[in-house]
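**Q** The following block contains the structure, expressed as structure tokens.
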Amino acid sequence: MKIFPAIDIKDKKCVRLIKGDFDNKTEYKMSPLEQAAKYKDHGFKNLHIVDLDGALIGETVNLEIIQDIVGKFNLKVEVGGGIRNSDSIQKYIDAGVEKVILGSAAIKDKNFLKESCEKFQNHIALGLDAKEGYLSVSGWKESSNQLALDYLKEINDFGVSRLIYTDINRDGMKQSPNFNETMKVAKMSNCPVIVSGGVSSIDDIKKAKNLENVEGIIVGKAIYDGDIKLEELVKEDA
């Protein structure tokens with residue numbers, strides 16, 4: 001089980017949103033670089049970064065900060081937020097990012113996803129962010145009116161190397177992830193799945209470990225709020 005501690009960047013700060021709502025955010029004192037150093041010092045190997053500024057405007061805004069993190073700490077980083085074209089993907093891969101997460105752009109344009117998987121083999125992760133089973137796009141501000149499972153059926157053979165499934169209603173709520181929906185996605189998916197949204201305790205991590213075709217889990221707010229101690233969490237990281 002890969003543990004992905006999360007860093008969400010907004011205005012050069014670490015923040016956490018409730019259910020993806022930009023008006024309902026908590027800012028933390030540690031800079032993204034300091035937070036990444038903390039994770040590295042505790043022995044984590046993977047890191048999940050979201051460029052929230054990028055997600056809002058559809059461009060890579062915090063590339064320099066992310067370059068800095070990758071360069072200094074030798075962590076396996078996956079990055080999402082506002083990646084809408086091949087140039088942005090290339091910039092992140094050149095910066096040493098392991099997986100580039102496509103979300104809105106991939107959902108709105110399946111061909112873009114297919115071409116990206118072919119051009120950047122083993123580097124493309126797909127972010128499926130759902131509310132009541134329906135995919136949301138553009139920083140979760142709009143619904144796509146498409147069921148996550150229907151979309152997955154259509155793109156399952158494109159060559160995505162990792163799938164991140166987030167239940168938006170659980171995100172930042174610390175009420176445990178939506179394991180039922182995640183299991184449906186993992187059962188159908190041709191690539192390994194990452195659990196995301198709502199992790200509240202070490203018990204959630206242990207539960208995720210028993211799920212088939214689940215590669216890892218993202219932990220965010222529960223770390224920042226002190227509900228999960230990094231010393232405990234890193235023991236589950238394999």
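Every chain in the structure tokens takes a letter, A first, then B, and so on in the order presented; its residues are numbered from 1, and the ligands are numbered from 1 following the presented order.
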Which residues in region 73-157 of chain A does DSSP call strand (DSSP E)? List them as a list in words.
**A**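 DSSP-assigned strand (DSSP E) residues in region 73-157 of chain A: Lys76, Val77, Glu78, Val79, Gly80, Lys99, Val100, Ile101, Leu102, Ile124, Ala125, Leu126, Gly127, Leu128, Asp129, Ala130, Lys131, Tyr134, Leu135, Ser136, Val137, Glu142, Ser143, Ser144, Asn145, Gln146 and Leu147 of chain A.
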**Q** Once you count only C-alpha atoms, what closest atom pair and distance in Å to one decimal does each residue of region 76-114 of chain A within 10 Å of region 51-68 of chain A have, with rows by chain and rising residue number, as a Markdown table?
**A**
```
| residue | atom | partner | partner_atom | distance |
| --- | --- | --- | --- | --- |
| A:Val77 | CA | A:Ile66 | CA | 9.0 |
| A:Val79 | CA | A:Asp51 | CA | 7.5 |
| A:Gly80 | CA | A:Asp51 | CA | 6.3 |
| A:Gly81 | CA | A:Ala55 | CA | 4.2 |
| A:Gly82 | CA | A:Gly58 | CA | 4.0 |
| A:Ile83 | CA | A:Glu59 | CA | 6.1 |
| A:Arg84 | CA | A:Gly58 | CA | 6.3 |
| A:Asn85 | CA | A:Glu59 | CA | 8.9 |
| A:Asp87 | CA | A:Thr60 | CA | 9.9 |
| A:Ser88 | CA | A:Thr60 | CA | 6.6 |
| A:Ile89 | CA | A:Thr60 | CA | 9.4 |
| A:Lys91 | CA | A:Leu63 | CA | 8.1 |
| A:Tyr92 | CA | A:Leu63 | CA | 7.5 |
| A:Ile93 | CA | A:Gln67 | CA | 9.9 |
| A:Asp94 | CA | A:Gln67 | CA | 9.1 |
| A:Ala95 | CA | A:Gln67 | CA | 5.4 |
| A:Gly96 | CA | A:Gln67 | CA | 7.5 |
| A:Val97 | CA | A:Gln67 | CA | 8.2 |
| A:Gly103 | CA | A:Ala55 | CA | 9.3 |
| A:Ser104 | CA | A:Ala55 | CA | 8.8 |
| A:Ala105 | CA | A:Gly58 | CA | 8.9 |
```
**Q** Restricting it to N, CA and C atoms, dump the selection as a PDB file, in the first residue's frame.
**A**
```pdb
ATOM      1  N   VAL A  77       6.494  11.754  -7.111  1.00  0.00           N
ATOM      2  CA  VAL A  77       5.421  12.755  -7.035  1.00  0.00           C
ATOM      3  C   VAL A  77       4.390  12.553  -8.139  1.00  0.00           C
ATOM      4  N   VAL A  79       1.156  14.749  -9.744  1.00  0.00           N
ATOM      5  CA  VAL A  79       0.687  16.141  -9.739  1.00  0.00           C
ATOM      6  C   VAL A  79      -0.576  16.281 -10.580  1.00  0.00           C
ATOM      7  N   GLY A  80      -1.537  17.028 -10.051  1.00  0.00           N
ATOM      8  CA  GLY A  80      -2.745  17.352 -10.811  1.00  0.00           C
ATOM      9  C   GLY A  80      -3.123  18.801 -10.614  1.00  0.00           C
ATOM     10  N   GLY A  81      -4.060  19.265 -11.447  1.00  0.00           N
ATOM     11  CA  GLY A  81      -4.556  20.639 -11.311  1.00  0.00           C
ATOM     12  C   GLY A  81      -4.231  21.498 -12.511  1.00  0.00           C
ATOM     13  N   GLY A  82      -5.219  21.625 -13.405  1.00  0.00           N
ATOM     14  CA  GLY A  82      -5.076  22.561 -14.519  1.00  0.00           C
ATOM     15  C   GLY A  82      -4.210  22.094 -15.664  1.00  0.00           C
ATOM     16  N   ILE A  83      -3.999  20.780 -15.778  1.00  0.00           N
ATOM     17  CA  ILE A  83      -3.137  20.265 -16.850  1.00  0.00           C
ATOM     18  C   ILE A  83      -4.024  19.962 -18.055  1.00  0.00           C
ATOM     19  N   ARG A  84      -3.970  20.850 -19.045  1.00  0.00           N
ATOM     20  CA  ARG A  84      -4.935  20.769 -20.150  1.00  0.00           C
ATOM     21  C   ARG A  84      -4.293  20.553 -21.518  1.00  0.00           C
ATOM     22  N   ASN A  85      -2.954  20.431 -21.568  1.00  0.00           N
ATOM     23  CA  ASN A  85      -2.313  20.227 -22.876  1.00  0.00           C
ATOM     24  C   ASN A  85      -0.985  19.470 -22.725  1.00  0.00           C
ATOM     25  N   ASP A  87       2.027  20.328 -23.584  1.00  0.00           N
ATOM     26  CA  ASP A  87       3.152  21.146 -23.098  1.00  0.00           C
ATOM     27  C   ASP A  87       3.245  21.098 -21.575  1.00  0.00           C
ATOM     28  N   SER A  88       2.091  21.200 -20.918  1.00  0.00           N
ATOM     29  CA  SER A  88       2.070  21.156 -19.451  1.00  0.00           C
ATOM     30  C   SER A  88       2.537  19.798 -18.941  1.00  0.00           C
ATOM     31  N   ILE A  89       2.085  18.740 -19.600  1.00  0.00           N
ATOM     32  CA  ILE A  89       2.519  17.388 -19.211  1.00  0.00           C
ATOM     33  C   ILE A  89       4.034  17.279 -19.346  1.00  0.00           C
ATOM     34  N   LYS A  91       6.296  19.604 -19.308  1.00  0.00           N
ATOM     35  CA  LYS A  91       7.004  20.419 -18.284  1.00  0.00           C
ATOM     36  C   LYS A  91       7.140  19.640 -16.973  1.00  0.00           C
ATOM     37  N   TYR A  92       6.065  18.985 -16.584  1.00  0.00           N
ATOM     38  CA  TYR A  92       6.109  18.234 -15.322  1.00  0.00           C
ATOM     39  C   TYR A  92       7.020  17.014 -15.428  1.00  0.00           C
ATOM     40  N   ILE A  93       6.971  16.327 -16.560  1.00  0.00           N
ATOM     41  CA  ILE A  93       7.842  15.158 -16.730  1.00  0.00           C
ATOM     42  C   ILE A  93       9.307  15.598 -16.751  1.00  0.00           C
ATOM     43  N   ASP A  94       9.578  16.715 -17.421  1.00  0.00           N
ATOM     44  CA  ASP A  94      10.942  17.268 -17.430  1.00  0.00           C
ATOM     45  C   ASP A  94      11.400  17.652 -16.027  1.00  0.00           C
ATOM     46  N   ALA A  95      10.438  18.037 -15.196  1.00  0.00           N
ATOM     47  CA  ALA A  95      10.762  18.428 -13.811  1.00  0.00           C
ATOM     48  C   ALA A  95      10.998  17.209 -12.914  1.00  0.00           C
ATOM     49  N   GLY A  96      10.717  16.004 -13.453  1.00  0.00           N
ATOM     50  CA  GLY A  96      10.965  14.790 -12.677  1.00  0.00           C
ATOM     51  C   GLY A  96       9.740  14.211 -11.988  1.00  0.00           C
ATOM     52  N   VAL A  97       8.566  14.730 -12.323  1.00  0.00           N
ATOM     53  CA  VAL A  97       7.327  14.204 -11.746  1.00  0.00           C
ATOM     54  C   VAL A  97       7.078  12.798 -12.296  1.00  0.00           C
ATOM     55  N   GLY A 103      -7.519  15.397 -15.402  1.00  0.00           N
ATOM     56  CA  GLY A 103      -8.878  15.346 -14.891  1.00  0.00           C
ATOM     57  C   GLY A 103      -9.859  15.925 -15.878  1.00  0.00           C
ATOM     58  N   SER A 104     -10.165  17.217 -15.700  1.00  0.00           N
ATOM     59  CA  SER A 104     -11.168  17.890 -16.540  1.00  0.00           C
ATOM     60  C   SER A 104     -10.897  17.734 -18.027  1.00  0.00           C
ATOM     61  N   ALA A 105      -9.642  17.959 -18.437  1.00  0.00           N
ATOM     62  CA  ALA A 105      -9.306  17.914 -19.864  1.00  0.00           C
ATOM     63  C   ALA A 105      -9.558  16.526 -20.442  1.00  0.00           C
TER      64      ALA A 105
END
```
**Q** Report the closest atom pair, with its distance in Å rounded to one decimal, for each residue of region 158-184 of chain A that has an atom no farther than 9 Å from region 208-230 of chain A; count only C-alpha atoms, sort by chain and then rising residue number, and write it as JSON lines.
**A**
```
{"residue": "A:Arg162", "atom": "CA", "partner": "A:Glu215", "partner_atom": "CA", "distance": 8.5}
{"residue": "A:Ile164", "atom": "CA", "partner": "A:Ile217", "partner_atom": "CA", "distance": 8.9}
{"residue": "A:Asp171", "atom": "CA", "partner": "A:Lys221", "partner_atom": "CA", "distance": 8.8}
{"residue": "A:Gly172", "atom": "CA", "partner": "A:Lys221", "partner_atom": "CA", "distance": 5.9}
{"residue": "A:Met173", "atom": "CA", "partner": "A:Lys221", "partner_atom": "CA", "distance": 8.2}
{"residue": "A:Lys174", "atom": "CA", "partner": "A:Ala222", "partner_atom": "CA", "distance": 6.7}
{"residue": "A:Phe179", "atom": "CA", "partner": "A:Ala208", "partner_atom": "CA", "distance": 7.9}
{"residue": "A:Thr182", "atom": "CA", "partner": "A:Val214", "partner_atom": "CA", "distance": 8.8}
{"residue": "A:Met183", "atom": "CA", "partner": "A:Leu211", "partner_atom": "CA", "distance": 7.0}
```
**Q** Which residues are near region 156-158 of chain A? Cut-off 12 Å, only C-alpha atoms, ignore same chain within fewer than 4 positions. Put them as a PyMOL selection string.
**A** chain A and resi 106+110-122+124-126+148-152+162-163+185-192
**Q** A:Ile155, A:Lys40, A:Val199, A:Cys14: which is nearest Tyr28 (chain A), counting only C-alpha atoms?
**A**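 When distances to Tyr28 (chain A) are compared using only C-alpha atoms, the smallest one comes from A:Cys14.
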**Q** Residues at most 12 Å from Asp41 (chain A), counting only C-alpha atoms, excluding those fewer than 6 positions away in the same chain, as a PyMOL selection string?
**A** chain A and resi 34-35+73-75+230-231+234
**Q** Which residue, A:Leu17, A:Glu236, A:Pro177, A:Gly197, has the smallest gap to Asp129 (chain A) when you use only C-alpha atoms?
**A** A:Gly197
**Q** Do a neighbour search on Ala238 (chain A) at 8 Å with only C-alpha atoms, toss out local chain neighbours closer than 2 positions, and write the hits as a VMD selection string.
**A** chain A and resid 1 to 3 235 to 236
**Q** If you run DSSP on this backbone, which residues of chain A come out as alpha helix (DSSP H), and could you give them as a VMD selection string?
**A** chain A and resid 32 to 42 52 to 57 63 to 73 86 to 94 104 to 108 110 to 119 148 to 155 179 to 188 202 to 209 221 to 224 230 to 235
**Q** Pick from A:Ile168, A:Leu147, A:Ala6, A:Val160: nearest to Phe44 (chain A), with only C-alpha atoms counted?
**A**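 Under the stated criterion, the closest residue is A:Ala6.
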**Q** Using only C-alpha atoms, which residues sit within 9 Å of Ser144 (chain A) once same-chain residues fewer than 5 positions away are excluded, as a PDB file with N, CA, C and O atoms, in the first residue's frame?
**A**
```pdb
ATOM      1  N   ILE A 107     -11.738  14.303 -19.292  1.00  0.00           N
ATOM      2  CA  ILE A 107     -13.175  14.002 -19.279  1.00  0.00           C
ATOM      3  C   ILE A 107     -13.885  14.738 -20.414  1.00  0.00           C
ATOM      4  O   ILE A 107     -14.764  14.200 -21.082  1.00  0.00           O
ATOM      5  N   LYS A 108     -13.450  15.952 -20.658  1.00  0.00           N
ATOM      6  CA  LYS A 108     -14.072  16.741 -21.731  1.00  0.00           C
ATOM      7  C   LYS A 108     -13.611  16.284 -23.117  1.00  0.00           C
ATOM      8  O   LYS A 108     -14.314  16.475 -24.107  1.00  0.00           O
ATOM      9  N   TYR A 134     -21.545  10.931 -10.339  1.00  0.00           N
ATOM     10  CA  TYR A 134     -21.342  11.708 -11.574  1.00  0.00           C
ATOM     11  C   TYR A 134     -20.033  12.491 -11.506  1.00  0.00           C
ATOM     12  O   TYR A 134     -19.710  13.084 -10.476  1.00  0.00           O
ATOM     13  N   LEU A 135     -19.312  12.516 -12.625  1.00  0.00           N
ATOM     14  CA  LEU A 135     -18.027  13.211 -12.670  1.00  0.00           C
ATOM     15  C   LEU A 135     -18.196  14.726 -12.603  1.00  0.00           C
ATOM     16  O   LEU A 135     -19.116  15.285 -13.204  1.00  0.00           O
ATOM     17  N   SER A 136     -17.280  15.370 -11.873  1.00  0.00           N
ATOM     18  CA  SER A 136     -17.238  16.832 -11.836  1.00  0.00           C
ATOM     19  C   SER A 136     -15.956  17.303 -12.495  1.00  0.00           C
ATOM     20  O   SER A 136     -14.934  16.605 -12.468  1.00  0.00           O
ATOM     21  N   VAL A 137     -16.002  18.509 -13.081  1.00  0.00           N
ATOM     22  CA  VAL A 137     -14.841  19.051 -13.795  1.00  0.00           C
ATOM     23  C   VAL A 137     -14.606  20.507 -13.396  1.00  0.00           C
ATOM     24  O   VAL A 137     -15.382  21.088 -12.635  1.00  0.00           O
TER      25      VAL A 137
END
```
**Q** What gap, in Å, lies between CA of Ile202 (chain A) and CA of Phe4 (chain A)?
**A**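 Pair CA of Ile202 (chain A) / CA of Phe4 (chain A) returns 13.4 Å.
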**Q** Just how far from CA of Val100 (chain A) is CA of Ser86 (chain A), in Å to one decimal?
**A**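 So the two atoms, CA of Ser86 (chain A) and CA of Val100 (chain A), lie 10.7 Å apart.
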**Q** Write out as a ChimeraX atom specification each polymer residue whose atoms come within 12 Å of Glu27 (chain A), counting only C-alpha atoms; drop sequence neighbours fewer than 2 positions from it.
**A** /A:7-18,22-25,29-32,221,224-225
**Q** Would you output that residue set with N, CA and C atoms, as a PDB file, in the first residue's frame?
**A**
```pdb
ATOM      1  N   ILE A   7      -0.327  17.530  -0.613  1.00  0.00           N
ATOM      2  CA  ILE A   7      -0.049  18.970  -0.531  1.00  0.00           C
ATOM      3  C   ILE A   7      -0.909  19.646  -1.586  1.00  0.00           C
ATOM      4  N   ASP A   8      -1.844  20.469  -1.140  1.00  0.00           N
ATOM      5  CA  ASP A   8      -2.660  21.273  -2.058  1.00  0.00           C
ATOM      6  C   ASP A   8      -2.144  22.706  -1.997  1.00  0.00           C
ATOM      7  N   ILE A   9      -1.761  23.242  -3.157  1.00  0.00           N
ATOM      8  CA  ILE A   9      -1.129  24.567  -3.183  1.00  0.00           C
ATOM      9  C   ILE A   9      -2.100  25.616  -3.714  1.00  0.00           C
ATOM     10  N   LYS A  10      -2.270  26.673  -2.917  1.00  0.00           N
ATOM     11  CA  LYS A  10      -3.081  27.829  -3.354  1.00  0.00           C
ATOM     12  C   LYS A  10      -2.394  29.087  -2.847  1.00  0.00           C
ATOM     13  N   ASP A  11      -2.122  30.036  -3.760  1.00  0.00           N
ATOM     14  CA  ASP A  11      -1.426  31.274  -3.390  1.00  0.00           C
ATOM     15  C   ASP A  11      -0.107  30.987  -2.665  1.00  0.00           C
ATOM     16  N   LYS A  12       0.589  29.943  -3.151  1.00  0.00           N
ATOM     17  CA  LYS A  12       1.903  29.532  -2.626  1.00  0.00           C
ATOM     18  C   LYS A  12       1.843  28.968  -1.201  1.00  0.00           C
ATOM     19  N   LYS A  13       0.640  28.685  -0.709  1.00  0.00           N
ATOM     20  CA  LYS A  13       0.477  28.128   0.644  1.00  0.00           C
ATOM     21  C   LYS A  13      -0.135  26.738   0.567  1.00  0.00           C
ATOM     22  N   CYS A  14       0.051  25.958   1.661  1.00  0.00           N
ATOM     23  CA  CYS A  14      -0.640  24.680   1.799  1.00  0.00           C
ATOM     24  C   CYS A  14      -2.051  24.974   2.286  1.00  0.00           C
ATOM     25  N   VAL A  15      -3.033  24.435   1.596  1.00  0.00           N
ATOM     26  CA  VAL A  15      -4.424  24.637   2.025  1.00  0.00           C
ATOM     27  C   VAL A  15      -5.159  23.297   1.962  1.00  0.00           C
ATOM     28  N   ARG A  16      -6.319  23.249   2.625  1.00  0.00           N
ATOM     29  CA  ARG A  16      -7.239  22.133   2.456  1.00  0.00           C
ATOM     30  C   ARG A  16      -8.622  22.723   2.225  1.00  0.00           C
ATOM     31  N   LEU A  17      -9.337  22.133   1.282  1.00  0.00           N
ATOM     32  CA  LEU A  17     -10.697  22.587   0.989  1.00  0.00           C
ATOM     33  C   LEU A  17     -11.697  21.590   1.569  1.00  0.00           C
ATOM     34  N   ILE A  18     -12.888  22.074   1.863  1.00  0.00           N
ATOM     35  CA  ILE A  18     -13.985  21.185   2.244  1.00  0.00           C
ATOM     36  C   ILE A  18     -14.824  20.930   1.002  1.00  0.00           C
ATOM     37  N   PHE A  22     -13.690  26.349  -2.834  1.00  0.00           N
ATOM     38  CA  PHE A  22     -12.593  27.324  -2.674  1.00  0.00           C
ATOM     39  C   PHE A  22     -12.929  28.410  -1.650  1.00  0.00           C
ATOM     40  N   ASP A  23     -14.207  28.562  -1.341  1.00  0.00           N
ATOM     41  CA  ASP A  23     -14.607  29.545  -0.327  1.00  0.00           C
ATOM     42  C   ASP A  23     -14.595  28.943   1.072  1.00  0.00           C
ATOM     43  N   ASN A  24     -14.327  27.659   1.153  1.00  0.00           N
ATOM     44  CA  ASN A  24     -14.329  26.976   2.444  1.00  0.00           C
ATOM     45  C   ASN A  24     -12.989  26.281   2.623  1.00  0.00           C
ATOM     46  N   LYS A  25     -11.948  27.118   2.802  1.00  0.00           N
ATOM     47  CA  LYS A  25     -10.601  26.545   2.846  1.00  0.00           C
ATOM     48  C   LYS A  25      -9.887  26.884   4.149  1.00  0.00           C
ATOM     49  N   LYS A  29       0.303  27.054   8.109  1.00  0.00           N
ATOM     50  CA  LYS A  29       1.485  27.917   8.203  1.00  0.00           C
ATOM     51  C   LYS A  29       2.670  27.391   7.408  1.00  0.00           C
ATOM     52  N   MET A  30       2.804  26.094   7.342  1.00  0.00           N
ATOM     53  CA  MET A  30       3.946  25.518   6.630  1.00  0.00           C
ATOM     54  C   MET A  30       3.854  25.768   5.133  1.00  0.00           C
ATOM     55  N   SER A  31       4.963  26.117   4.518  1.00  0.00           N
ATOM     56  CA  SER A  31       4.983  26.279   3.062  1.00  0.00           C
ATOM     57  C   SER A  31       4.948  24.884   2.423  1.00  0.00           C
ATOM     58  N   PRO A  32       4.579  24.780   1.146  1.00  0.00           N
ATOM     59  CA  PRO A  32       4.606  23.477   0.482  1.00  0.00           C
ATOM     60  C   PRO A  32       5.970  22.786   0.569  1.00  0.00           C
ATOM     61  N   LYS A 221      -6.244  16.147   4.949  1.00  0.00           N
ATOM     62  CA  LYS A 221      -6.690  16.951   6.098  1.00  0.00           C
ATOM     63  C   LYS A 221      -6.430  16.265   7.439  1.00  0.00           C
ATOM     64  N   TYR A 224      -2.994  17.197   8.512  1.00  0.00           N
ATOM     65  CA  TYR A 224      -2.848  18.601   8.895  1.00  0.00           C
ATOM     66  C   TYR A 224      -3.537  18.899  10.229  1.00  0.00           C
ATOM     67  N   ASP A 225      -4.658  18.234  10.468  1.00  0.00           N
ATOM     68  CA  ASP A 225      -5.416  18.481  11.703  1.00  0.00           C
ATOM     69  C   ASP A 225      -4.936  17.625  12.871  1.00  0.00           C
TER      70      ASP A 225
END
```
**Q** Between CA of Gly159 (chain A) and CA of Ala130 (chain A), what distance in Å does the model show, to one decimal?
**A** 21.2 Å
**Q** Choose the residue, out of A:Leu102, A:Lys131, A:His123, A:Asp109, that has the smallest atom-to-atom separation from Glu154 (chain A); count only C-alpha atoms.
**A**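 Smallest separation from Glu154 (chain A) among the options: A:Asp109.
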